[in-house]
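Novice: A single structure is presented below for examination.
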Amino acid sequence: MAIGGDHLNLINKVKHYIGSCFKVKDLGPLKYFLGLEIQNNVTGITISQKKYASDLLKDTALYDAKSINSPIDTNSKLSPNEGIPLDDPLRYRRLVGRLMYLCLTRPDITYTVNTLSQFMQKPTQVHMNAANRVLKYIKGTLDHSLFYPATNVLQVRGFCDSDWAACTHTRRSVTGFCIKLGDALIGWKSKKQKTVSRSSAEVEYRAMASAVSEMSWIHNLLKELQIKAIYPMDLYCDNQAAIHIATNPVFHERTKHIELDLHFTRDKVQEGLIKLAHLRTADQPSDLLTKPLSVQRIHHLLDKLNMRRSPAQLAGG
């Protein structure tokens with residue numbers, strides 16, 4: 001169990017009460033918890049999974065492999081029937097499952113792992129090669145970590161994006177969003193949408209609705225924790241048409257086919273909880289969660305997510 005808070009006396013009371021009910025051992029300040037490595041100093045908290053990632057590389061015999069500087073090739077378009085089926089699909093499923101847990105601190109591999117998880121039923125050698133590429137990328141980025149500064153502005157900001165008809169097999173699009181509290185990244189997601197969309201504006205609007213749903217949950221959580229954040233919460237999107245649909249109370253002819261439950265985005269805007277703003281694609285950090293990107297763009301967006309990299313990575317190694 002990990003206990004957090006800013007009142008030491010209250011923390012001690014909680015530990016004393018738990019100790020009176022169960023036999024417990026106090027391990028002191030949090031340093032390692034369920035594969036997460038936590039470093040705490042005056043500047044803030046750094047969270048990584050270096051040991052977990054190292055163990056994963058050793059278990060797959062790729063610890064000494066040559067590293068690759070991106071998790072997926074920019075021209076990669078994986079499909080279900082591509083390649084020879086694996087003799088032991090369980091090995092692929094186990095590997096992808098372990099990569100999913102690594103995504104707890106690695107938004108840079110989230111899109112790729114989400115893509116790989118779509119081929120669990122009948123994985124092929126092509127899919128296995130793509131999974132091994134992720135491991136080789138991890139080999140060169142073991143020191144990647146998330147940083148949470150000690151002093152921070154309690155302003156929730158969301159960034160949403162999508163890739164229209166990204167799946168060549170189903171023609172469904174990919175939703176990606178990330179949520180920051182000040183400069184601290186507190187949530188992100190990459191997921192294929194459930195339905196086929198008829199326009200890029202509709203795709204972006206669906207991605208926006210997913211982000212708003214997450215931000216509403218964060219709002220309720222902060223309220224329950226009695227944390228006074230700054231409102232309205234900002235949500236940045238790079239599609240002007242989607243912003244107009246969400247802010248205009250008039251039901252456009254072009255949006256009649258969109259499910260009504262998606263229009264709760266408008267409600268949150270009118271309530272004053274969410275404020276929509278345009279952000280150019282070049283500066284959109286959630287772009288990292290929707291498609292394969294170049295090495296330079298990956299590094300640029302990771303900096304925006306306040307993700308720390310090793311000195312070698314910062315030098316372009």
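Ligands are numbered from 1 in the order shown, chains are lettered A, B, ... in the order of the structure tokens, and residues start at 1 in each chain.
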List the spatial neighbours of segment 283-291 of chain A as a count of residues only - criterion: any atom at most 9 Å away, only C-alpha atoms, same-chain residues fewer than 3 positions off excluded.

Specialist: 36

Novice: Name all residues at most 8 Å from segment 59-66 of chain A (count only C-alpha atoms; drop same-chain ones fewer than 5 positions away) and give them as a ChimeraX atom specification.

Specialist: /A:54,135-136,139

Novice: Please report the interatomic distance between atom CA of Tyr52 of chain A and atom CA of Leu86 of chain A in Å with one decimal.

Specialist: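 One can read the atom CA of Tyr52 of chain A to atom CA of Leu86 of chain A distance as 25.7 Å.
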
Novice: Find the distance between atom CA of His144 of chain A and atom CA of Arg91 of chain A and write it in Å to one decimal.

Specialist: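 For atom CA of His144 of chain A relative to atom CA of Arg91 of chain A, the distance reads 25.8 Å.
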
Novice: Residues of segment 115-297 of chain A in strand (DSSP E or B) according to DSSP, as a VMD selection string?

Specialist: chain A and resid 124 145 to 149 155 to 163 174 to 181 184 to 192 230 to 237 274 to 278

Novice: Considering only C-alpha atoms, return as a list of chain:residue names whatever protein or nucleic-acid residues lie within 9 Å of segment 40-42 of chain A, sequence-local ones (same chain, fewer than 5 positions apart) excluded.

Specialist: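 Non-adjacent residues within range: A:Pro29, A:Leu30, A:Lys31, A:Ile47, A:Pro149, A:Ala150.
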
Novice: The selected residues should be written to file as a compact mmCIF listing (two decimals), in the first residue's frame (atoms: N, CA and C atoms).

Specialist:
```
# COMPACT_ATOMS: atom_id res chain seq x y z
N PRO A 29 9.77 6.12 3.06
CA PRO A 29 9.40 6.88 1.86
C PRO A 29 9.31 5.97 0.64
N LEU A 30 8.33 6.24 -0.21
CA LEU A 30 8.06 5.41 -1.37
C LEU A 30 9.21 5.48 -2.38
N LYS A 31 9.74 4.30 -2.74
CA LYS A 31 10.82 4.23 -3.72
C LYS A 31 10.51 3.22 -4.84
N ILE A 47 8.93 9.36 -11.95
CA ILE A 47 8.40 7.99 -11.95
C ILE A 47 8.85 7.28 -13.23
N PRO A 149 6.57 18.16 -11.24
CA PRO A 149 7.24 19.22 -10.48
C PRO A 149 6.60 19.49 -9.12
N ALA A 150 7.44 19.91 -8.17
CA ALA A 150 6.96 20.16 -6.81
C ALA A 150 6.03 21.37 -6.77
```

Novice: Could you work out how far atom CA of Gly35 of chain A lies from atom CA of Ala53 of chain A, giving the answer in Å with one decimal?

Specialist: 9.1 Å

Novice: Name the residues in contact with Arg308 of chain A at a cut-off of 7 Å, using only C-alpha atoms, excluding same-chain residues fewer than 6 positions from it; report them as a ChimeraX atom specification.

Specialist: /A:144-147

Novice: Excluding segment 3-15 of chain A and its own-chain neighbours fewer than 4 positions away, which residues fall within 10 Å of it when counting only C-alpha atoms? Please give them as a list in words.

Specialist: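 My list of contacting residues is Gly19, Ser20, Val24, Lys25, Asp26, Pro29 and Leu30 of chain A.
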
Novice: Would you mind listing what lies within 8 Å of Thr265 of chain A as an MDAnalysis selection string, with only C-alpha atoms counted and same-chain residues fewer than 2 positions away left out?

Specialist: chainID A and resid 208:209 212 246 262:263 267:269

Novice: Counting only C-alpha atoms, what is within 6 Å of segment 179-185 of chain A, bar same-chain residues fewer than 6 positions away, as a list in words?

Specialist: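 My list of contacting residues is Tyr148, Asn152, Val153, Leu154, Gln155, Val156, Arg157 and Gly158 of chain A.
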
Novice: When distances are computed from only C-alpha atoms, which of A:Leu99, A:Val196, A:Ile230, A:Met215 shows the smallest separation from Asp55 of chain A?

Specialist: A:Leu99

Novice: Taking the backbone alone, and naming residues the way the document does, which bits of segment 73-312 of chain A are alpha helix (DSSP H) by DSSP, as an MDAnalysis selection string?

Specialist: chainID A and resid 89:102 110:116 125:139 200:224 240:247 264:271 295:304 311:312
